[in-house]
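Enquirer: Sharing entry05.txt (compact mmCIF, C-alpha atoms) below.
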# COMPACT_ATOMS: atom_id res chain seq x y z
CA MET A 1 6.23 1.98 -9.08
CA THR A 2 5.50 -0.82 -11.57
CA SER A 3 2.35 -2.89 -11.29
CA ALA A 4 2.23 -6.63 -10.73
CA VAL A 5 -1.34 -6.72 -11.98
CA SER A 6 -3.42 -3.94 -13.44
CA THR A 7 -7.03 -4.36 -14.57
CA SER A 8 -9.68 -2.08 -15.98
CA GLY A 9 -13.37 -2.93 -16.10
CA LEU A 10 -12.41 -6.60 -15.92
CA THR A 11 -15.47 -8.84 -16.14
CA LYS A 12 -15.93 -12.60 -16.39
CA ARG A 13 -19.26 -14.29 -17.06
CA TYR A 14 -20.00 -18.00 -17.16
CA GLY A 15 -23.15 -18.20 -19.21
CA ARG A 16 -25.60 -15.97 -17.35
CA ARG A 17 -23.69 -15.96 -14.08
CA THR A 18 -21.25 -13.09 -13.52
CA ALA A 19 -18.24 -14.26 -11.52
CA LEU A 20 -16.37 -10.96 -11.62
CA ARG A 21 -17.89 -7.60 -12.44
CA ASP A 22 -16.23 -4.37 -13.56
CA CYS A 23 -13.05 -4.93 -11.57
CA THR A 24 -10.53 -2.08 -11.76
CA LEU A 25 -7.37 -2.66 -9.75
CA ASP A 26 -3.75 -1.65 -9.67
CA LEU A 27 -1.65 -3.98 -7.53
CA PRO A 28 1.88 -2.64 -7.03
CA ALA A 29 4.82 -5.02 -7.46
CA GLY A 30 6.86 -6.19 -4.49
CA HIS A 31 3.88 -6.62 -2.18
CA VAL A 32 2.17 -9.60 -0.64
CA VAL A 33 -1.43 -9.00 -1.62
CA GLY A 34 -4.28 -10.69 0.24
CA LEU A 35 -7.47 -11.38 -1.66
CA VAL A 36 -10.39 -11.78 0.75
CA GLY A 37 -14.08 -12.39 0.36
CA PRO A 38 -16.74 -15.02 0.92
CA ASN A 39 -16.93 -18.14 -1.23
CA GLY A 40 -18.13 -17.27 -4.71
CA ALA A 41 -17.01 -13.63 -4.50
CA GLY A 42 -14.74 -14.04 -7.51
CA LYS A 43 -11.34 -14.66 -5.87
CA SER A 44 -10.46 -17.78 -7.86
CA THR A 45 -11.78 -16.24 -11.06
CA LEU A 46 -9.51 -13.20 -10.61
CA LEU A 47 -6.48 -15.44 -9.95
CA GLN A 48 -7.23 -17.62 -12.97
CA LEU A 49 -7.63 -14.54 -15.20
CA THR A 50 -4.25 -13.35 -13.87
CA CYS A 51 -2.42 -16.53 -14.79
CA GLY A 52 -4.12 -16.80 -18.18
CA LEU A 53 -6.17 -19.93 -17.42
CA LEU A 54 -9.31 -17.91 -18.19
CA ALA A 55 -9.94 -15.18 -20.76
CA PRO A 56 -11.94 -12.08 -19.75
CA THR A 57 -15.48 -11.57 -21.09
CA ASP A 58 -14.95 -7.81 -20.95
CA GLY A 59 -12.35 -5.29 -19.84
CA THR A 60 -8.57 -5.60 -19.81
CA ILE A 61 -5.88 -7.14 -17.61
CA ALA A 62 -2.11 -6.64 -17.71
CA VAL A 63 0.20 -8.92 -15.72
CA LEU A 64 3.83 -7.85 -15.15
CA GLY A 65 3.30 -5.22 -17.84
CA GLY A 66 1.96 -7.54 -20.55
CA PRO A 67 -1.00 -9.72 -21.42
CA PRO A 68 -1.40 -12.76 -19.15
CA ALA A 69 0.17 -15.90 -20.61
CA ASN A 70 -0.89 -19.38 -19.60
CA GLY A 71 2.12 -21.41 -18.47
CA SER A 72 4.43 -18.38 -18.29
CA ALA A 73 7.77 -19.05 -16.61
CA ARG A 74 7.46 -15.65 -14.88
CA ILE A 75 4.37 -16.72 -12.94
CA GLY A 76 4.07 -19.43 -10.30
CA PHE A 77 0.56 -20.66 -9.56
CA VAL A 78 -0.49 -22.83 -6.64
CA ALA A 79 -4.08 -23.82 -7.35
CA GLN A 80 -6.75 -24.49 -4.73
CA ASP A 81 -6.13 -27.59 -2.58
CA THR A 82 -2.43 -27.47 -3.60
CA PRO A 83 -2.65 -30.26 -6.19
CA VAL A 84 0.24 -32.69 -6.66
CA TYR A 85 0.56 -35.87 -8.74
CA VAL A 86 -0.39 -38.54 -6.24
CA GLY A 87 1.34 -41.35 -8.18
CA LEU A 88 4.69 -39.57 -8.47
CA THR A 89 7.34 -39.47 -5.76
CA VAL A 90 8.71 -36.23 -4.34
CA ALA A 91 11.94 -36.72 -6.34
CA GLU A 92 9.95 -37.30 -9.54
CA HIS A 93 8.11 -34.02 -8.94
CA LEU A 94 11.42 -32.19 -8.76
CA ARG A 95 12.70 -33.93 -11.94
CA MET A 96 9.52 -32.93 -13.74
CA GLY A 97 9.90 -29.34 -12.55
CA ALA A 98 13.48 -29.24 -13.83
CA HIS A 99 12.38 -30.67 -17.17
CA LEU A 100 9.51 -28.20 -17.67
CA ASN A 101 11.15 -24.98 -16.43
CA PRO A 102 14.26 -23.45 -18.00
CA ALA A 103 15.05 -21.34 -14.90
CA TRP A 104 14.50 -24.23 -12.44
CA ASP A 105 16.54 -23.79 -9.27
CA ARG A 106 17.52 -27.34 -8.40
CA GLN A 107 19.48 -26.38 -5.33
CA LEU A 108 16.60 -24.34 -3.89
CA ALA A 109 14.13 -27.16 -4.54
CA GLU A 110 16.34 -29.84 -3.01
CA SER A 111 17.31 -27.82 0.04
CA ARG A 112 13.66 -26.93 0.73
CA ILE A 113 12.68 -30.59 0.52
CA ALA A 114 15.56 -31.49 2.88
CA ASP A 115 14.66 -28.69 5.33
CA LEU A 116 11.09 -29.93 5.41
CA GLY A 117 12.29 -33.45 6.15
CA LEU A 118 10.43 -34.94 3.19
CA ASP A 119 11.58 -38.35 1.93
CA PRO A 120 12.36 -37.94 -1.81
CA GLY A 121 11.23 -41.53 -2.44
CA GLN A 122 7.79 -40.98 -0.89
CA LYS A 123 4.76 -40.99 -3.21
CA ALA A 124 3.04 -37.56 -3.10
CA GLY A 125 -0.30 -39.28 -2.50
CA ARG A 126 0.99 -40.52 0.86
CA LEU A 127 2.11 -37.11 2.16
CA SER A 128 0.12 -35.24 4.81
CA GLY A 129 -1.90 -32.20 3.76
CA GLY A 130 0.77 -29.85 5.10
CA GLN A 131 3.57 -31.70 3.32
CA ARG A 132 1.62 -31.72 0.05
CA ALA A 133 1.09 -27.97 0.32
CA GLN A 134 4.81 -27.49 0.95
CA LEU A 135 5.66 -29.65 -2.09
CA ALA A 136 3.29 -27.59 -4.28
CA LEU A 137 4.88 -24.37 -2.94
CA THR A 138 8.37 -25.73 -3.63
CA MET A 139 7.37 -26.56 -7.22
CA ALA A 140 6.10 -22.99 -7.69
CA VAL A 141 9.02 -21.12 -6.09
CA ALA A 142 11.83 -23.18 -7.69
CA LYS A 143 10.72 -21.72 -11.05
CA HIS A 144 11.94 -18.34 -9.72
CA PRO A 145 8.71 -16.61 -10.69
CA GLU A 146 8.35 -12.82 -10.59
CA LEU A 147 4.75 -13.22 -9.50
CA LEU A 148 3.45 -15.99 -7.26
CA LEU A 149 -0.29 -16.67 -7.17
CA LEU A 150 -1.84 -18.85 -4.47
CA ASP A 151 -5.49 -19.82 -4.31
CA GLU A 152 -6.59 -20.62 -0.71
CA PRO A 153 -3.27 -22.35 -0.02
CA VAL A 154 -3.77 -22.87 3.71
CA ALA A 155 -7.55 -23.34 3.94
CA ALA A 156 -7.34 -27.12 4.44
CA LEU A 157 -4.33 -27.15 6.78
CA ASP A 158 -4.21 -27.47 10.55
CA PRO A 159 -2.87 -24.42 12.46
CA LEU A 160 0.70 -25.75 12.77
CA ALA A 161 0.97 -26.74 9.09
CA ARG A 162 -0.55 -23.37 8.20
CA ARG A 163 2.03 -21.46 10.19
CA GLU A 164 4.87 -23.53 8.68
CA PHE A 165 3.55 -22.95 5.17
CA LEU A 166 3.34 -19.18 5.70
CA GLN A 167 6.83 -19.14 7.24
CA GLY A 168 8.17 -20.83 4.09
CA LEU A 169 6.26 -18.46 1.85
CA MET A 170 7.48 -15.34 3.68
CA GLU A 171 11.07 -16.58 3.72
CA PHE A 172 10.86 -16.97 -0.05
CA ALA A 173 9.30 -13.52 -0.43
CA ALA A 174 12.12 -12.00 1.66
CA ASP A 175 14.82 -13.81 -0.32
CA GLN A 176 13.59 -13.22 -3.84
CA GLY A 177 11.59 -9.98 -3.57
CA VAL A 178 8.81 -11.65 -5.52
CA SER A 179 5.27 -10.25 -5.78
CA VAL A 180 2.68 -12.50 -4.17
CA ILE A 181 -1.11 -12.56 -4.50
CA MET A 182 -2.91 -15.03 -2.28
CA SER A 183 -6.59 -15.57 -1.68
CA SER A 184 -7.92 -16.69 1.67
CA HIS A 185 -10.94 -16.47 3.87
CA LEU A 186 -8.74 -16.75 6.97
CA VAL A 187 -8.21 -13.08 7.62
CA ALA A 188 -6.17 -13.60 10.79
CA ASP A 189 -3.42 -15.24 8.71
CA LEU A 190 -3.51 -12.49 6.12
CA GLU A 191 -2.95 -9.82 8.74
CA ARG A 192 0.54 -11.17 9.43
CA VAL A 193 1.68 -11.91 5.93
CA CYS A 194 -0.05 -9.39 3.68
CA ASP A 195 0.84 -5.74 3.34
CA TYR A 196 -1.86 -5.04 0.77
CA LEU A 197 -5.49 -6.06 0.81
CA VAL A 198 -8.27 -6.49 -1.76
CA VAL A 199 -11.78 -7.21 -0.46
CA LEU A 200 -14.14 -8.79 -2.98
CA VAL A 201 -17.85 -9.00 -2.23
CA GLY A 202 -20.52 -10.29 -4.59
CA SER A 203 -18.16 -10.35 -7.61
CA ARG A 204 -17.14 -6.71 -7.09
CA VAL A 205 -14.10 -5.03 -5.56
CA ARG A 206 -15.30 -3.45 -2.29
CA MET A 207 -12.04 -2.07 -0.91
CA THR A 208 -8.29 -2.06 -1.59
CA GLY A 209 -5.32 -0.55 0.17
CA GLU A 210 -2.12 -1.00 2.13
CA VAL A 211 -2.74 -2.86 5.37
CA ASP A 212 -0.97 -0.36 7.65
CA GLU A 213 -2.92 2.49 6.09
CA LEU A 214 -6.21 0.58 6.50
CA LEU A 215 -5.49 -0.20 10.16
CA GLY A 216 -4.63 3.45 10.80
CA THR A 217 -7.77 4.86 9.20
CA HIS A 218 -10.48 2.52 10.53
CA HIS A 219 -11.92 3.13 13.98
CA ARG A 220 -14.52 1.46 16.14
CA LEU A 221 -16.81 4.03 17.74
CA THR A 222 -19.18 3.32 20.58
CA GLY A 223 -21.62 5.79 22.04
CA ALA A 224 -25.15 6.38 23.21
CA ARG A 225 -27.90 5.41 20.78
CA ARG A 226 -28.75 8.18 18.30
CA ALA A 227 -25.59 10.08 19.11
CA GLU A 228 -25.13 12.01 15.92
CA VAL A 229 -23.09 9.97 13.46
CA PRO A 230 -19.76 11.69 12.85
CA ALA A 231 -19.70 13.23 9.40
CA GLY A 232 -17.24 15.27 7.43
CA PRO A 233 -15.03 15.09 4.41
CA GLY A 234 -13.38 11.68 4.18
CA VAL A 235 -15.47 10.03 6.90
CA GLU A 236 -17.30 6.89 5.76
CA VAL A 237 -19.47 4.76 8.05
CA VAL A 238 -18.66 1.20 7.00
CA TYR A 239 -20.86 -0.60 9.48
CA ALA A 240 -23.40 0.43 12.08
CA SER A 241 -25.33 -1.57 14.63
CA HIS A 242 -27.71 -0.28 17.26
CA THR A 243 -29.25 -1.61 20.45
CA ASP A 244 -31.90 0.29 22.38
CA VAL A 245 -29.27 2.26 24.31
CA GLN A 246 -26.04 2.01 22.34
CA SER A 247 -24.69 2.48 18.82
CA SER A 248 -21.51 0.82 17.51
CA LEU A 249 -19.92 1.99 14.31
CA ILE A 250 -16.93 1.11 12.25
CA VAL A 251 -15.83 4.17 10.30
CA ARG A 252 -13.10 4.92 7.83
CA SER A 253 -11.52 8.30 8.36
CA SER A 254 -8.05 9.62 7.62
CA ALA A 255 -8.26 12.14 10.47
CA PRO A 256 -8.61 10.94 14.07
CA ILE A 257 -12.21 11.02 15.34
CA ASP A 258 -12.31 13.84 17.87
CA ASP A 259 -15.87 13.81 19.17
CA PRO A 260 -16.66 13.52 22.90
CA ALA A 261 -19.92 11.66 22.14
CA TRP A 262 -17.97 8.66 20.84
CA THR A 263 -15.28 6.43 22.28
CA ALA A 264 -12.81 5.51 19.55
CA ASP A 265 -10.85 2.26 19.57
CA PRO A 266 -8.59 0.60 17.03
CA VAL A 267 -10.05 -2.17 14.86
CA ASP A 268 -8.11 -5.29 13.91
CA LEU A 269 -8.04 -6.42 10.30
CA GLU A 270 -10.44 -9.31 10.80
CA ASP A 271 -13.19 -7.14 12.32
CA MET A 272 -12.61 -4.52 9.64
CA VAL A 273 -13.00 -7.04 6.81
CA LEU A 274 -16.03 -8.59 8.48
CA ALA A 275 -17.62 -5.13 8.72
CA TYR A 276 -17.32 -4.73 4.95
CA LEU A 277 -18.63 -8.24 4.29
CA THR A 278 -21.55 -7.95 6.73
CA GLU A 279 -22.72 -4.59 5.45
CA ALA A 280 -22.63 -5.84 1.86
CA GLY A 281 -24.46 -9.04 2.74
CA ARG A 282 -27.18 -7.45 4.82
CA PRO A 283 -30.30 -7.73 2.61
CA GLY A 284 -29.40 -11.34 1.81
CA ARG A 285 -28.90 -12.19 5.47
CA GLU A 286 -32.27 -10.78 6.45
CA ARG A 287 -33.92 -12.86 3.75
CA THR A 288 -32.31 -16.01 5.11
CA LEU A 289 -33.42 -15.20 8.63
CA GLU A 290 -36.97 -14.68 7.45
CA SER A 291 -37.05 -17.91 5.55
CA HIS A 292 -36.08 -19.74 8.74
CA ARG A 293 -39.07 -18.46 10.66
CA MET B 1 19.21 -11.25 20.41
CA ILE B 2 15.49 -10.69 20.93
CA GLU B 3 12.58 -12.61 19.49
CA PHE B 4 9.47 -10.96 18.05
CA HIS B 5 5.85 -12.04 18.36
CA LEU B 6 2.60 -10.67 16.98
CA ASP B 7 -0.73 -10.10 18.66
CA GLY B 8 -3.36 -10.43 15.94
CA LYS B 9 -6.23 -9.09 18.03
CA SER B 10 -4.64 -5.85 19.18
CA GLY B 11 -5.66 -3.64 16.26
CA ILE B 12 -2.11 -2.27 16.28
CA ALA B 13 -0.39 -2.45 12.89
CA PRO B 14 2.18 -5.30 12.84
CA TYR B 15 5.13 -2.99 12.04
CA MET B 16 4.19 -0.85 15.05
CA GLN B 17 4.13 -3.94 17.27
CA LEU B 18 7.72 -4.76 16.21
CA ILE B 19 8.82 -1.19 16.94
CA GLN B 20 7.19 -1.30 20.38
CA GLN B 21 8.90 -4.59 21.17
CA VAL B 22 12.33 -3.18 20.29
CA ARG B 23 11.73 -0.03 22.32
CA ARG B 24 10.50 -2.08 25.28
CA ALA B 25 13.52 -4.40 25.10
CA MET B 26 15.79 -1.33 25.03
CA ARG B 27 14.03 0.23 27.99
CA LEU B 28 14.30 -2.99 29.97
CA GLY B 29 17.98 -3.24 29.12
CA LEU B 30 17.55 -6.45 27.09
CA LEU B 31 18.98 -4.57 24.10
CA LYS B 32 22.01 -2.33 24.56
CA GLU B 33 24.17 -0.24 22.28
CA GLY B 34 25.99 -2.51 19.83
CA ASP B 35 23.49 -5.39 20.05
CA LYS B 36 22.26 -6.85 16.80
CA LEU B 37 18.62 -7.14 15.79
CA PRO B 38 17.51 -10.37 14.09
CA THR B 39 17.86 -10.27 10.29
CA VAL B 40 14.74 -9.68 8.23
CA LYS B 41 14.91 -13.24 6.96
CA ASP B 42 15.14 -14.63 10.52
CA VAL B 43 12.14 -12.62 11.69
CA VAL B 44 10.12 -13.58 8.63
CA ALA B 45 10.92 -17.27 8.97
CA ARG B 46 10.16 -17.33 12.68
CA VAL B 47 7.07 -15.15 12.97
CA ALA B 48 5.56 -15.87 9.50
CA ILE B 49 5.29 -12.15 8.79
CA ASN B 50 5.60 -10.00 5.69
CA PRO B 51 9.24 -8.93 5.00
CA ASN B 52 8.13 -5.40 4.05
CA THR B 53 6.64 -5.07 7.53
CA VAL B 54 9.98 -5.88 9.16
CA LEU B 55 11.83 -3.52 6.82
CA LYS B 56 9.36 -0.76 7.60
CA ALA B 57 9.78 -1.26 11.36
CA TYR B 58 13.59 -1.23 11.06
CA ARG B 59 13.49 1.90 8.86
CA GLU B 60 11.30 3.66 11.41
CA LEU B 61 13.65 2.68 14.26
CA GLU B 62 16.56 3.99 12.21
CA TYR B 63 14.69 7.26 11.62
CA GLU B 64 14.21 7.55 15.39
CA GLY B 65 17.96 7.13 15.78
CA LEU B 66 17.69 3.91 17.78
CA VAL B 67 19.31 1.53 15.30
CA GLN B 68 21.72 1.68 12.38
CA PRO B 69 22.01 -0.79 9.50
CA ARG B 70 25.52 -1.88 8.56
CA PRO B 71 25.51 -3.22 5.01
CA GLY B 72 26.23 -6.92 4.89
CA LEU B 73 26.35 -7.25 8.67
CA GLY B 74 22.85 -6.49 9.93
CA THR B 75 21.02 -3.88 11.97
CA PHE B 76 22.57 -2.71 15.25
CA VAL B 77 21.29 -0.84 18.27
CA THR B 78 22.99 2.56 18.56
CA ARG B 79 21.72 3.75 21.92
CA THR B 80 20.96 2.53 25.37
CA LEU B 81 17.54 3.59 26.60
CA GLY B 82 16.26 3.86 30.12
CA GLY B 83 19.49 4.98 31.75
CA GLU B 84 19.78 5.72 35.49
CA GLU B 85 18.25 9.21 35.05
CA ALA B 86 15.05 7.79 33.55
CA VAL B 87 14.78 5.21 36.34
CA ALA B 88 15.37 7.94 38.93
CA ALA B 89 12.44 9.89 37.50
CA HIS B 90 10.13 6.90 37.97
CA GLU B 91 9.77 7.17 41.74
CA PRO B 92 8.35 10.72 42.06
CA LEU B 93 6.06 10.06 39.08
CA ARG B 94 4.79 6.91 40.73
CA ARG B 95 4.04 8.86 43.93
CA ASP B 96 2.10 11.49 41.92
CA LEU B 97 0.10 8.74 40.27
CA GLU B 98 -0.63 7.07 43.59
CA GLY B 99 -1.93 10.39 44.90
CA TRP B 100 -4.18 10.73 41.87
CA LEU B 101 -5.46 7.15 42.30
CA ALA B 102 -6.31 7.83 45.94
CA LYS B 103 -8.27 10.93 44.86
CA ALA B 104 -10.17 8.95 42.23
CA HIS B 105 -10.99 6.32 44.83
CA ASP B 106 -12.20 8.96 47.30
CA ALA B 107 -14.40 10.43 44.56
CA GLY B 108 -16.22 7.09 44.50
CA LEU B 109 -14.84 5.61 41.25
CA ASP B 110 -14.53 1.82 41.24
CA GLU B 111 -11.49 0.04 39.82
CA GLU B 112 -12.91 -0.43 36.34
CA SER B 113 -13.90 3.23 36.05
CA ILE B 114 -10.44 4.30 37.17
CA GLU B 115 -8.81 2.00 34.64
CA ALA B 116 -11.10 3.18 31.82
CA LEU B 117 -10.45 6.84 32.64
CA LEU B 118 -6.71 6.26 32.83
CA LEU B 119 -6.61 4.41 29.51
CA SER B 120 -8.83 6.79 27.56
CA THR B 121 -6.92 9.83 28.83
CA PHE B 122 -3.60 8.17 28.03
CA ARG B 123 -4.78 7.26 24.53
CA ALA B 124 -6.11 10.75 23.79
CA PHE B 125 -2.85 12.24 25.09
CA SER B 126 -0.71 9.95 22.91
CA GLU B 127 -2.83 10.62 19.84
CA GLN B 128 -2.45 14.36 20.35
CA ARG B 129 1.31 13.99 20.56
CA VAL B 130 1.38 11.87 17.42
CA GLY B 131 -0.83 14.47 15.71
CA ARG B 132 1.61 17.23 16.64
CA ARG B 133 4.58 15.29 15.28
CA ALA B 134 2.88 14.54 11.95
Show me the file's structure as structure tokens.
Expert:
Amino acid sequence: MTSAVSTSGLTKRYGRRTALRDCTLDLPAGHVVGLVGPNGAGKSTLLQLTCGLLAPTDGTIAVLGGPPANGSARIGFVAQDTPVYVGLTVAEHLRMGAHLNPAWDRQLAESRIADLGLDPGQKAGRLSGGQRAQLALTMAVAKHPELLLLDEPVAALDPLARREFLQGLMEFAADQGVSVIMSSHLVADLERVCDYLVVLVGSRVRMTGEVDELLGTHHRLTGARRAEVPAGPGVEVVYASHTDVQSSLIVRSSAPIDDPAWTADPVDLEDMVLAYLTEAGRPGRERTLESHR
Amino acid sequence: MIEFHLDGKSGIAPYMQLIQQVRRAMRLGLLKEGDKLPTVKDVVARVAINPNTVLKAYRELEYEGLVQPRPGLGTFVTRTLGGEEAVAAHEPLRRDLEGWLAKAHDAGLDEESIEALLLSTFRAFSEQRVGRRA
């Protein structure tokens, strides 16, 4: 299968600060990839390297089989906070899109705007947050990109606007078979729309994989304290917490856990991601707690 | 036509939730042979869900012999589940279960213990069956 994005040892530094460190990834085409991680983990940096807005400090990146090209017609990019031109009307946005993009799909753009019930004469600055996000998405998809990048597209939206935005995005993905990479810290949304996940923690890639495979191989185990931690080939303890009588673990294992000392339950994607983030952030969290004393 | 929904907190993979909903609708007689499933685009637009997830669920249902895609027309149910024979088998099974519940109660288990035992045994049993199939 061809790759949408493939990186090797990709690193980006701003002065002395490293935003992305030694990132090696192979994201297959035709997927909706979710990029999760806390603020400052390197999500935006990775997206901006992918669309050619930034150049790597070290390592390599290939996008749709070639070097990333800023302004490429094959890539649609919806930047953080879904920016639009506040002084231009909806219709003027569409005219600008048609002017700038050779493959502009006028019919798609106009029918999306009509379906959304947007007034073409309305200034973009007067639209609601949800409508602005939908306008920015329309501008990106009417280019007919092969790869659509979205940076925290729904973070600022209320739940209804968020659902409507994701419905529009998924409808487009179903229609055009486009590859999508979207960053978010709202894992619950990603569980529905993403079939591939990349977890970034502290500017490094912590975990990647297909969502169904991840859900099938992560288990929550509860048992008596000091029950021997299950071990074996391919069993990784992602997260462990202990009280005086009980131990709770989240483990990754391809084989089912068959140990009478532990009760195994499925883990949803949000708890799984949080387990990875918590474990990685542990020393830092303890420091913060101490400083509060 | 049925409508899908997703439970984000269940820990069950979304494609599996769709499969379960189709099977349940077939068992309840809401879907019969010849009925059409919603198109991938309809499901995606309504549930805000990944199209590959819907395709995977439909492929799995096809593999199980429950549905059949007809190019250009959609995906159609090919069987009727839960016929009279299956319903007839329910009653004796229910009586067995009631007997077992009475025994558990007599042994001093409270309702929560009975439920936990029932669920964990059921889950272990299903996992074993899945393991055998794989």
Enquirer: Within 6 Å of chain B, which residues belong to chain A? Use all atoms listed in the file and report them as a PyMOL selection string.
Expert: chain A and resi 166-167+170-171+174+192-193+212+266-268
Enquirer: Give me, as a ChimeraX atom specification, all polymer residues having an atom no more than 8 Å from Ala73 in chain A, counting all atoms listed in the file and skipping those fewer than 6 positions away in the same chain.
Expert: /A:101-103,143,145
Enquirer: List the neighbours of range 44-53 of chain A out to 9 Å using only C-alpha atoms; skip same-chain residues closer than 4 positions along the sequence, and give me the result as an mmCIF file with C-alpha atoms, in the frame of the given file.
Expert:
data_model
loop_
_atom_site.group_PDB
_atom_site.id
_atom_site.type_symbol
_atom_site.label_atom_id
_atom_site.label_comp_id
_atom_site.auth_asym_id
_atom_site.auth_seq_id
_atom_site.Cartn_x
_atom_site.Cartn_y
_atom_site.Cartn_z
ATOM 1 C CA VAL A 5 -1.340 -6.720 -11.980
ATOM 2 C CA LEU A 10 -12.410 -6.600 -15.920
ATOM 3 C CA LYS A 12 -15.930 -12.600 -16.390
ATOM 4 C CA ALA A 19 -18.240 -14.260 -11.520
ATOM 5 C CA LEU A 20 -16.370 -10.960 -11.620
ATOM 6 C CA GLY A 40 -18.130 -17.270 -4.710
ATOM 7 C CA ILE A 61 -5.880 -7.140 -17.610
ATOM 8 C CA ALA A 62 -2.110 -6.640 -17.710
ATOM 9 C CA VAL A 63 0.200 -8.920 -15.720
ATOM 10 C CA PRO A 67 -1.000 -9.720 -21.420
ATOM 11 C CA PRO A 68 -1.400 -12.760 -19.150
ATOM 12 C CA ALA A 69 0.170 -15.900 -20.610
ATOM 13 C CA ASN A 70 -0.890 -19.380 -19.600
ATOM 14 C CA GLY A 71 2.120 -21.410 -18.470
ATOM 15 C CA SER A 72 4.430 -18.380 -18.290
ATOM 16 C CA ILE A 75 4.370 -16.720 -12.940
ATOM 17 C CA GLY A 76 4.070 -19.430 -10.300
ATOM 18 C CA PHE A 77 0.560 -20.660 -9.560
ATOM 19 C CA ALA A 79 -4.080 -23.820 -7.350
ATOM 20 C CA GLN A 80 -6.750 -24.490 -4.730
ATOM 21 C CA LEU A 149 -0.290 -16.670 -7.170
ATOM 22 C CA LEU A 150 -1.840 -18.850 -4.470
ATOM 23 C CA ASP A 151 -5.490 -19.820 -4.310
ATOM 24 C CA GLU A 152 -6.590 -20.620 -0.710
ATOM 25 C CA ILE A 181 -1.110 -12.560 -4.500
ATOM 26 C CA MET A 182 -2.910 -15.030 -2.280
ATOM 27 C CA SER A 183 -6.590 -15.570 -1.680
#
Enquirer: Quick one: of A:Ala136, A:Ala114, A:Leu186, A:Ala124, who's nearest to Val86 in chain A, counting all atoms listed in the file?
Expert: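 Among the listed residues, the smallest separation from Val86 in chain A belongs to A:Ala124.
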Enquirer: I'd like to know which of A:Val273, A:Cys194, A:Ala29, A:Val199 is closest to Lys43 in chain A, using all atoms listed in the file.
Expert: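 Residue with the minimum atom-to-atom distance to Lys43 in chain A: A:Val199.
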Enquirer: Could you give me, as an mmCIF file with C-alpha atoms, in the frame of the given file, the residues that sit within 10 Å of (17.6, 0.5, 19.3) in the file's coordinates, counting all atoms listed in the file?
Expert:
data_model
loop_
_atom_site.group_PDB
_atom_site.id
_atom_site.type_symbol
_atom_site.label_atom_id
_atom_site.label_comp_id
_atom_site.auth_asym_id
_atom_site.auth_seq_id
_atom_site.Cartn_x
_atom_site.Cartn_y
_atom_site.Cartn_z
ATOM 1 C CA ILE B 19 8.820 -1.190 16.940
ATOM 2 C CA VAL B 22 12.330 -3.180 20.290
ATOM 3 C CA ARG B 23 11.730 -0.030 22.320
ATOM 4 C CA ARG B 24 10.500 -2.080 25.280
ATOM 5 C CA ALA B 25 13.520 -4.400 25.100
ATOM 6 C CA MET B 26 15.790 -1.330 25.030
ATOM 7 C CA ARG B 27 14.030 0.230 27.990
ATOM 8 C CA LEU B 31 18.980 -4.570 24.100
ATOM 9 C CA LYS B 32 22.010 -2.330 24.560
ATOM 10 C CA GLU B 33 24.170 -0.240 22.280
ATOM 11 C CA GLY B 34 25.990 -2.510 19.830
ATOM 12 C CA ASP B 35 23.490 -5.390 20.050
ATOM 13 C CA LYS B 36 22.260 -6.850 16.800
ATOM 14 C CA LEU B 37 18.620 -7.140 15.790
ATOM 15 C CA TYR B 58 13.590 -1.230 11.060
ATOM 16 C CA LEU B 61 13.650 2.680 14.260
ATOM 17 C CA GLU B 62 16.560 3.990 12.210
ATOM 18 C CA GLU B 64 14.210 7.550 15.390
ATOM 19 C CA GLY B 65 17.960 7.130 15.780
ATOM 20 C CA LEU B 66 17.690 3.910 17.780
ATOM 21 C CA VAL B 67 19.310 1.530 15.300
ATOM 22 C CA GLN B 68 21.720 1.680 12.380
ATOM 23 C CA THR B 75 21.020 -3.880 11.970
ATOM 24 C CA PHE B 76 22.570 -2.710 15.250
ATOM 25 C CA VAL B 77 21.290 -0.840 18.270
ATOM 26 C CA THR B 78 22.990 2.560 18.560
ATOM 27 C CA ARG B 79 21.720 3.750 21.920
ATOM 28 C CA THR B 80 20.960 2.530 25.370
ATOM 29 C CA LEU B 81 17.540 3.590 26.600
#
Enquirer: At what distance in Å, to one decimal, does CA of His219 in chain A lie from CA of Glu191 in chain A?
Expert: 16.6 Å
Enquirer: Between B:Ala57, B:Glu115, B:Pro92, B:Thr39, single out the one closest to Arg70 in chain B, counting all atoms listed in the file.
Expert: B:Thr39
Enquirer: If I wrap all listed atoms of range 271-277 of chain A in a box with edges along x, y and z and add 5 Å on each side, what are its centre and edge lengths in Å to one decimal, as JSON?
Expert:
{"center_x": -15.6, "center_y": -6.6, "center_z": 8.3, "size_x": 16.0, "size_y": 14.1, "size_z": 18.0}
Enquirer: Can you work out the spacing between CA of Gly168 in chain A and CA of Val78 in chain A in Å, to one decimal?
Expert: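 One can read the CA of Gly168 in chain A to CA of Val78 in chain A distance as 13.9 Å.
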Enquirer: Can you measure CA of Ala275 in chain A to CA of Val33 in chain A for me? One decimal in Å is fine.
Expert: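 Spanning CA of Ala275 in chain A to CA of Val33 in chain A is a straight-line distance of 19.6 Å.
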Enquirer: Quick one: everything within 12 Å of Asp158 in chain A, counting all atoms listed in the file, minus sequence neighbours fewer than 4 positions away in the same chain. Send it as a short mmCIF file (atom, residue, chain, number, x, y, z; two decimals) with C-alpha atoms, in the frame of the given file.
Expert:
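As a result, part-v1.cif now contains:
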data_model
loop_
_atom_site.label_atom_id
_atom_site.label_comp_id
_atom_site.auth_asym_id
_atom_site.auth_seq_id
_atom_site.Cartn_x
_atom_site.Cartn_y
_atom_site.Cartn_z
CA SER A 128 0.12 -35.24 4.81
CA GLY A 129 -1.90 -32.20 3.76
CA GLY A 130 0.77 -29.85 5.10
CA GLN A 131 3.57 -31.70 3.32
CA ALA A 133 1.09 -27.97 0.32
CA PRO A 153 -3.27 -22.35 -0.02
CA VAL A 154 -3.77 -22.87 3.71
CA ARG A 162 -0.55 -23.37 8.20
CA ARG A 163 2.03 -21.46 10.19
CA GLU A 164 4.87 -23.53 8.68
CA PHE A 165 3.55 -22.95 5.17
#
